[in-house]
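Below is one structure, written out as structure tokens; comments come after it.
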Amino acid sequence: MSRARPPPLVTGISPKEGPAWTKVTIRGENLGTGPADLIGLSICGHNCMLTAEWMSASKIVCRVGPAKDEKGEIIVTTKSGGLGTSTVSFKLFRPERIGILEQSAVWVDEVNYDMRTNRNKGISPFSLRPSNPLGIEMDKGKVPQKDLEQIFPGMSGDFTSENFSASWYLIENHAGSSFEQLKVSANNLKKQASKKNEGSLAYVKGGLSTFFEAQDALAAIHQRLESDGTEKVEGSMTQRLENILNRASDTADTLFQEVLGRKDKADSTRNALNVLQRFKFLFNLPLNIERNIQKGDYDVVINDYEKAKSLFGNTEVAVFKKVYAEVETRIKALGNLLLEKLLQTPSTLHDQKRYIRYLSDLHAPGDPAWQCIYAQHKWILQLMQNCRDEFISGKRVGVGALELEGNARPVALGKLGHSASLKRGGSLRSARPSTWPFETPQQVQFVEKLSDVVIGQLPNFWKLWISYVNGSLFSETGEKSGQVEKSKKNARQRQNDFKKMIEELTNRLVKLIRGALLPTTLPQGELSVYGGWEDKMELTGAWFTQIIHTVRGCHEALSTLEIPNDLLQVIQDLLLELRVHCLMVTLLHTSEDVKRLAEKEDWVVDNEGITSLPSKFEQCMVQMLQSLKEPLEIKPGEINVLQLDQVQDQAAELSVSIMKVFINCLEQLSTKADEDFDISRNISVDLSSPDRFSRIQEGFIPTSEQRLLIILSNCQYLERRTFLNLANHFEKHGLTGTEKINRVSMDAVRELDGKLFEAYIERRADPIAGSLEPGMYAGYFDWRDCQTPTGVRNYLKEALVNIIAVHAEVFTVSKDLVPRVLSRIVESVADEMCRLMQCVSSFSKNGALQARLELCALRDAVTAYLNPDSNTSFRQALDSLPQLHSGADKKLLEELLNKFKSSMQLQLTCFQPSNVQPVKR
């Protein structure tokens with residue numbers, strides 16, 4: 001919006017006095033914004049607009065007219081400020097007592113002097129006339145000069161020419177002026193003409209007597225000269241005087257021509273030397289510019305140029321113009337050199353600011369600051385792409401474009417060093433230390449190098465933009481307010497363009513990392529530009545953790561620059577996907593590691609009857625959760641990946657899968673054939689072998705039945721301890737779906753436990769139960785025809801010994817399994833005895849006594865391991881026997897039972913409840 005300017009104020013005039021038509025210089029403040037803005041100028045009451053020449057807002061040059069007042073103010077009127085005031089006055093000399101000829105002569109002499117002076121300066125006297133006689137704004141250039149020449153042949157638009165055409169002048173200079181403006185200008189011209197005529201007529205009227213006297217004197221002189229001319233043959237006196245003067249001039253020229261020539265030459269040489277000495281700064285400036293450019297003293301060059309420009313920028317002297325043109329040529333070359341240095345990469349922020357200020361001081365075309373920003377943007381993009389190309393091609397990134405400033409990692413990124421961060425993996429395979437860069441995967445090295453490039457270059461790029469926005473590129477103290485405001489204006493216009501640059505840089509960073517780590521998240525068309533890592537090694541969760549640490553460091557470094565969060569959101573999105581991917585990869589690799597746990601089973605049981613396998617499994621899972629601590633950690637601005645429904649489901653499924661994988665490992669171990677073990681001994685050892693359960697030595701290979709017992713014990717430990725511990729670890733690390741994981745794991749281990757238990761019972765109970773019938777009827781024994789019982793027969797003792805062997809086998813592995821196993825063994829034997837007794841058609845007295853003796857002996861021996869089913873079987877078997885009615889038979893039965901217990905006391909001791917701990921292997 002435009003605002004009214006202050007009224008003009010005249011503060012000085014030079015000279016302060018003089019006669020009419022004296023040329024004066026008026027100085028002051030707010031004297032107009034241009035020639036068209038000046039609409040009025042009066043000195044001592046006389047309008048001086050026709051001779052006024054506007055030079056600047058503080059200077060006007062004009063001639064004083066024949067005013068009525070001898071002393072008066074200088075009043076300036078402008079369109080923008082209105083009627084002005086004056087603090088000084090001008091004194092006009094009025095020649096009251098001298099003739100008009102004297103005054104006229106003085107005026108003519110002054111004019112002649114001015115004309116001679118201006119002619120010496122190369123200025124035409126016609127140029128002193130007002131350049132805009134109409135006093136309205138001129139509008140040139142709308143009609144071509146050739147068209148005007150065709151319309152007005154032989155005429156001219158110059159009002160000083162004899163062939164002046166008013167129409168040509170109006171079309172050329174005032175084509176856009178309105179008719180009303182032209183009418184006002186015509187009236188002004190008429191008034192000015194009438195004033196001039198009245199002034200001249202007043203001079204003539206006031207000096208008529210002088211004119212008449214001058215006329216009489218001239219007439220007398222003319223008459224005398226005429227009379228002299230008629231009396232003399234040689235001609236008039238004037239003619240003779242002319243001849244004498246001509247001869248004198250020729251003689252003088254002959255005498256003094258050589259002297260005057262030497263004098264003119266000496267004068268010209270002296271003048272030339274004076275000019276060279278006086279203006280040696282200008283004449284030496286081109287050479288000084290070259291020298292200072294070579295030394296890099298650009299400040300000196302710019303200061304000298306500014307000085308020369310202020311002194312000789314508008315000169316009309318030919319030699320000065322020639323030298324100044326050479327200076328301009330050198331300065332133009334300097335501008336090109338500075339622009340080349342500005343756009344050269346790499347360069348420091350200090351050098352960039354310095355070159356931009358130099359170019360600004362030289363008023364270089366365009367916007368050097370924006371050119372530098374654009375060049376830096378393209379260079380950073382190329383650095384990032386070159387980083388990827390060198391890794392893809394297999395070339396090591398050496399010292400060069402990518403390793404700037406000594407390859408020092410920025411402080412904002414911090415040290416990724418600590419090898420412990422790499423050892424916290426979700427696998428049992430030890431991660432390679434980060435101190436061995438030649439073993440670090442190419443993708444990890446690439447992400448670190450790419451982060452170095454971004455963190456090393458983007459901060460300076462951002463700071464350059466901030467300096468461009470606040471104007472500090474041109475002035476740290478604000479002394480160059482014009483350049484600062486111009487910079488701010490340009491920055492406001494290019495905010496969107498710079499925002500797109502930052503978006504392109506962050507998107508390029510994200511796409512390059514995606515191409516190396518998450519190629520499936522890129523469109524198919526971008527894989528050729530950002531992908532190409534298919535032949536590189538697959539990364540583990542530990543390496544992904546290090547990558548997440550690197551990317552987080554890069555994001556934090558950029559955030560400290562106060563870059564808007566919306567421009568860094570793509571990096572946050574990438575971090576989220578990397579964290580999710582790290583979680584899934586860690587779970588998958590943990591599943592693979594759990595599969596290999598079966599290879600590490602040494603079958604050595606501890607006092608609790610378990611091997612190291614459950615502990616290794618728990619340790620593996622704990623290490624996995626510890627390795628996920630950093631990826632699952634919620635940094636400022638990040639979200640909890642475990643709160644995402646899809647991630648929750650996948651993580652829970654993979655966790656359940658890991659549990660099932662371990663349970664499958666246990667099942668595979670239980671079903672592993674004996675031939676798969678490297679053994680050299682016969683495993684078909686009789687259960688009653690005395691060294692069957694000797695202390696297991698190093699390298700001991702268990703039998704299939706022992707493996708079943710060990711795995712059964714491990715299953716019980718998993719259900720009782722391991723899974724509960726893991727559930728606590730899951731909750732501690734924030735892993736969701738713990739209840740489902742625990743429930744599924746418990747169900748799976750119970751299912752395996754039941755399957756393995758039935759398999760073991762089948763292997764151990766069936767032979768014992770199957771040996772009862774053959775032993776019972778050995779030697780053609782017949783219940784209907786047998787002798788008086790003398791004790792428990794051997795088949796039952798063998799069965800008890802076999803049960804004792806099973807007891808020893810189970811007790812060796814796990815004391816807790818003994819009641820469960822023996823109860824089922826006893827149940828199977830009791831059921832078989834019941835079946836055999838119920839199949840006997842009839843018993844003799846001795847047969848019934850023998851059968852009852854054996855049933856009671858067996859039942860009393862395994863009383864500690866009877867269950868309801870076993871009790872039922874023994875009761876049904878006894879009920880199927882004839883009852884003992886005589887006291888002698890009962891007494892005999894009791895004696896024989898006591899005899900049996902006494903004779904097998906040592907063997908039957910194992911069936912008694914005991915606090916003896918199992919043997920430690």
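All residue names refer to the structure tokens as shown: chains lettered A, B, ... in order, residues numbered from 1 in each chain, ligands numbered from 1 in order.
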Mind checking which residues fall within 9 Å of A:Leu512, counting only C-alpha atoms, ignoring those fewer than 6 positions away in the same chain, and posting them as a VMD selection string? chain A and resid 384 to 385 388 447 450 529 to 531
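The shortest atom-to-atom distance to A:Lys332, with only C-alpha atoms taken into account, belongs to A:Pro286 out of A:Ser704, A:Pro286, A:Gln344, A:Gln371.
Our summary of the geometry notes that atom CA of A:His807 is positioned 20.4 Å from atom CA of A:Ser902.
Atom CA of A:Val810 to atom CA of A:Lys797 spans 19.8 Å [interatomic distance, one decimal].
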Taking 2 positions as the minimum chain separation for residues in the same chain, which residues sit within 9 Å of A:Thr611 when counting only C-alpha atoms? Answer as a PyMOL selection string. chain A and resi 601-606+608-609+613-615+710-711+713-714
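Considering only C-alpha atoms, the residue among A:Ser670, A:Pro774, A:Thr703, A:Ser903 positioned nearest to A:Gly791 is A:Ser903.
Using only C-alpha atoms, the smallest distance between any of A:Asp831, A:Glu503, A:Asp645, A:Glu630 and A:Leu381 comes from A:Glu503.
In this structure, atom CA of A:Leu539 sits 15.2 Å away from atom CA of A:Glu577.
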Taking the DSSP secondary structure from the backbone, can you list the residues of stretch 24-90 of chain A that are strand (DSSP E or B), as a ChimeraX atom specification? /A:24-29,38-43,46-47,53-56,59-63,71-78,82-83,85-86,89-90
Write the residues you've just listed into a file as a short mmCIF file (atom, residue, chain, number, x, y, z; two decimals), in the first residue's frame, and include N, CA, C and O atoms for each of them.
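This went into selection33.cif:
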data_model
loop_
_atom_site.label_atom_id
_atom_site.label_comp_id
_atom_site.auth_asym_id
_atom_site.auth_seq_id
_atom_site.Cartn_x
_atom_site.Cartn_y
_atom_site.Cartn_z
N VAL A 24 21.18 28.16 -10.86
CA VAL A 24 21.30 27.86 -9.43
C VAL A 24 21.08 26.37 -9.21
O VAL A 24 20.40 25.69 -10.00
N THR A 25 21.65 25.88 -8.08
CA THR A 25 21.45 24.48 -7.65
C THR A 25 20.69 24.49 -6.34
O THR A 25 21.13 25.10 -5.35
N ILE A 26 19.56 23.85 -6.34
CA ILE A 26 18.68 23.80 -5.16
C ILE A 26 18.87 22.46 -4.47
O ILE A 26 18.80 21.40 -5.11
N ARG A 27 19.08 22.46 -3.16
CA ARG A 27 19.23 21.22 -2.38
C ARG A 27 18.21 21.20 -1.25
O ARG A 27 17.82 22.26 -0.75
N GLY A 28 17.81 19.99 -0.88
CA GLY A 28 16.82 19.86 0.18
C GLY A 28 16.41 18.41 0.39
O GLY A 28 17.16 17.48 0.09
N GLU A 29 15.20 18.20 0.88
CA GLU A 29 14.69 16.86 1.20
C GLU A 29 13.34 16.68 0.54
O GLU A 29 12.56 17.64 0.43
N LEU A 38 7.74 16.21 -10.11
CA LEU A 38 7.95 17.66 -9.89
C LEU A 38 6.95 18.45 -10.72
O LEU A 38 7.00 18.43 -11.96
N ILE A 39 6.01 19.14 -10.07
CA ILE A 39 4.96 19.86 -10.79
C ILE A 39 5.02 21.37 -10.55
O ILE A 39 4.24 22.12 -11.15
N GLY A 40 5.92 21.84 -9.71
CA GLY A 40 6.00 23.28 -9.47
C GLY A 40 7.31 23.70 -8.86
O GLY A 40 7.82 23.00 -7.98
N LEU A 41 7.89 24.87 -9.35
CA LEU A 41 9.12 25.41 -8.78
C LEU A 41 9.11 26.93 -8.99
O LEU A 41 9.03 27.41 -10.13
N SER A 42 9.16 27.66 -7.90
CA SER A 42 9.16 29.13 -7.99
C SER A 42 10.27 29.69 -7.13
O SER A 42 10.52 29.19 -6.02
N ILE A 43 10.99 30.72 -7.68
CA ILE A 43 12.05 31.42 -6.96
C ILE A 43 11.72 32.91 -6.98
O ILE A 43 11.54 33.50 -8.06
N HIS A 46 8.72 33.75 -9.14
CA HIS A 46 8.72 33.50 -10.57
C HIS A 46 8.72 31.98 -10.82
O HIS A 46 9.46 31.23 -10.18
N ASN A 47 7.88 31.54 -11.75
CA ASN A 47 7.79 30.12 -12.08
C ASN A 47 9.01 29.71 -12.91
O ASN A 47 9.22 30.24 -14.02
N GLU A 53 15.49 21.16 -13.93
CA GLU A 53 15.99 19.83 -14.27
C GLU A 53 16.15 19.03 -12.96
O GLU A 53 17.01 19.34 -12.14
N TRP A 54 15.28 18.03 -12.80
CA TRP A 54 15.29 17.21 -11.56
C TRP A 54 16.46 16.24 -11.62
O TRP A 54 16.60 15.46 -12.57
N MET A 55 17.33 16.30 -10.60
CA MET A 55 18.51 15.43 -10.56
C MET A 55 18.31 14.25 -9.60
O MET A 55 18.62 13.11 -9.92
N SER A 56 17.76 14.54 -8.41
CA SER A 56 17.52 13.50 -7.41
C SER A 56 16.53 14.04 -6.40
O SER A 56 16.06 15.18 -6.52
N LYS A 59 18.17 17.21 -5.02
CA LYS A 59 18.87 18.18 -5.87
C LYS A 59 18.05 18.51 -7.10
O LYS A 59 17.55 17.61 -7.79
N ILE A 60 17.92 19.83 -7.38
CA ILE A 60 17.26 20.33 -8.59
C ILE A 60 18.12 21.49 -9.13
O ILE A 60 18.61 22.33 -8.38
N VAL A 61 18.29 21.53 -10.46
CA VAL A 61 19.04 22.60 -11.13
C VAL A 61 18.08 23.39 -12.02
O VAL A 61 17.28 22.78 -12.75
N CYS A 62 18.15 24.76 -11.97
CA CYS A 62 17.28 25.59 -12.81
C CYS A 62 17.93 26.98 -12.98
O CYS A 62 19.02 27.24 -12.46
N ARG A 63 17.23 27.86 -13.75
CA ARG A 63 17.67 29.24 -13.91
C ARG A 63 16.62 30.18 -13.30
O ARG A 63 15.42 29.94 -13.44
N LYS A 71 13.94 39.61 -3.29
CA LYS A 71 14.34 38.52 -2.40
C LYS A 71 13.12 37.68 -2.06
O LYS A 71 12.07 38.24 -1.73
N GLY A 72 13.28 36.39 -2.16
CA GLY A 72 12.13 35.53 -1.87
C GLY A 72 12.55 34.08 -1.65
O GLY A 72 13.72 33.70 -1.80
N GLU A 73 11.57 33.28 -1.29
CA GLU A 73 11.82 31.87 -0.98
C GLU A 73 11.82 31.01 -2.24
O GLU A 73 11.35 31.44 -3.30
N ILE A 74 12.33 29.81 -2.08
CA ILE A 74 12.33 28.83 -3.15
C ILE A 74 11.28 27.77 -2.78
O ILE A 74 11.47 27.03 -1.81
N ILE A 75 10.21 27.72 -3.54
CA ILE A 75 9.09 26.84 -3.21
C ILE A 75 9.03 25.72 -4.25
O ILE A 75 8.93 25.99 -5.46
N VAL A 76 9.07 24.44 -3.77
CA VAL A 76 8.99 23.25 -4.64
C VAL A 76 7.67 22.55 -4.37
O VAL A 76 7.27 22.37 -3.21
N THR A 77 6.97 22.15 -5.43
CA THR A 77 5.69 21.44 -5.30
C THR A 77 5.80 20.10 -6.03
O THR A 77 6.24 20.06 -7.19
N THR A 78 5.39 18.99 -5.36
CA THR A 78 5.43 17.66 -5.97
C THR A 78 4.07 17.01 -5.84
O THR A 78 3.25 17.38 -5.00
N GLY A 82 3.09 17.42 -2.20
CA GLY A 82 2.33 18.66 -2.18
C GLY A 82 3.24 19.88 -2.16
O GLY A 82 4.40 19.86 -2.58
N LEU A 83 2.69 20.99 -1.63
CA LEU A 83 3.40 22.27 -1.58
C LEU A 83 4.46 22.23 -0.49
O LEU A 83 4.19 21.85 0.65
N THR A 85 8.14 23.91 1.57
CA THR A 85 8.58 25.09 2.30
C THR A 85 10.07 25.29 2.08
O THR A 85 10.76 24.42 1.51
N SER A 86 10.61 26.41 2.58
CA SER A 86 12.01 26.73 2.37
C SER A 86 12.57 27.37 3.62
O SER A 86 11.92 28.17 4.28
N SER A 89 16.64 31.74 1.28
CA SER A 89 16.04 32.67 0.29
C SER A 89 17.08 33.03 -0.75
O SER A 89 18.29 32.81 -0.56
N PHE A 90 16.62 33.56 -1.87
CA PHE A 90 17.50 33.99 -2.97
C PHE A 90 17.31 35.49 -3.20
O PHE A 90 16.18 35.99 -3.23
#
Could you list, as number ranges by chain, every residue within 12 Å of stretch 301-318 of chain A, counting only C-alpha atoms and ignoring same-chain residues fewer than 4 positions away? A: 120-123, 275, 279-297, 322-332, 334-335, 338, 355, 357-363
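With only C-alpha atoms as the basis for measurement, A:Pro702 is the residue among A:Ser209, A:Pro702, A:Gln192, A:Ser870 that approaches A:Thr812 most closely.
The shortest atom-to-atom distance to A:Ile548, with only C-alpha atoms taken into account, belongs to A:Glu633 out of A:Glu827, A:Glu633, A:Glu751, A:Glu226.
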Can you pull out every residue from stretch 250-397 of chain A that DSSP, working from the backbone, puts in helix (DSSP H, G or I), and format the result as number ranges by chain? A: 250-278, 280-295, 298-312, 318-343, 349-361, 368-392
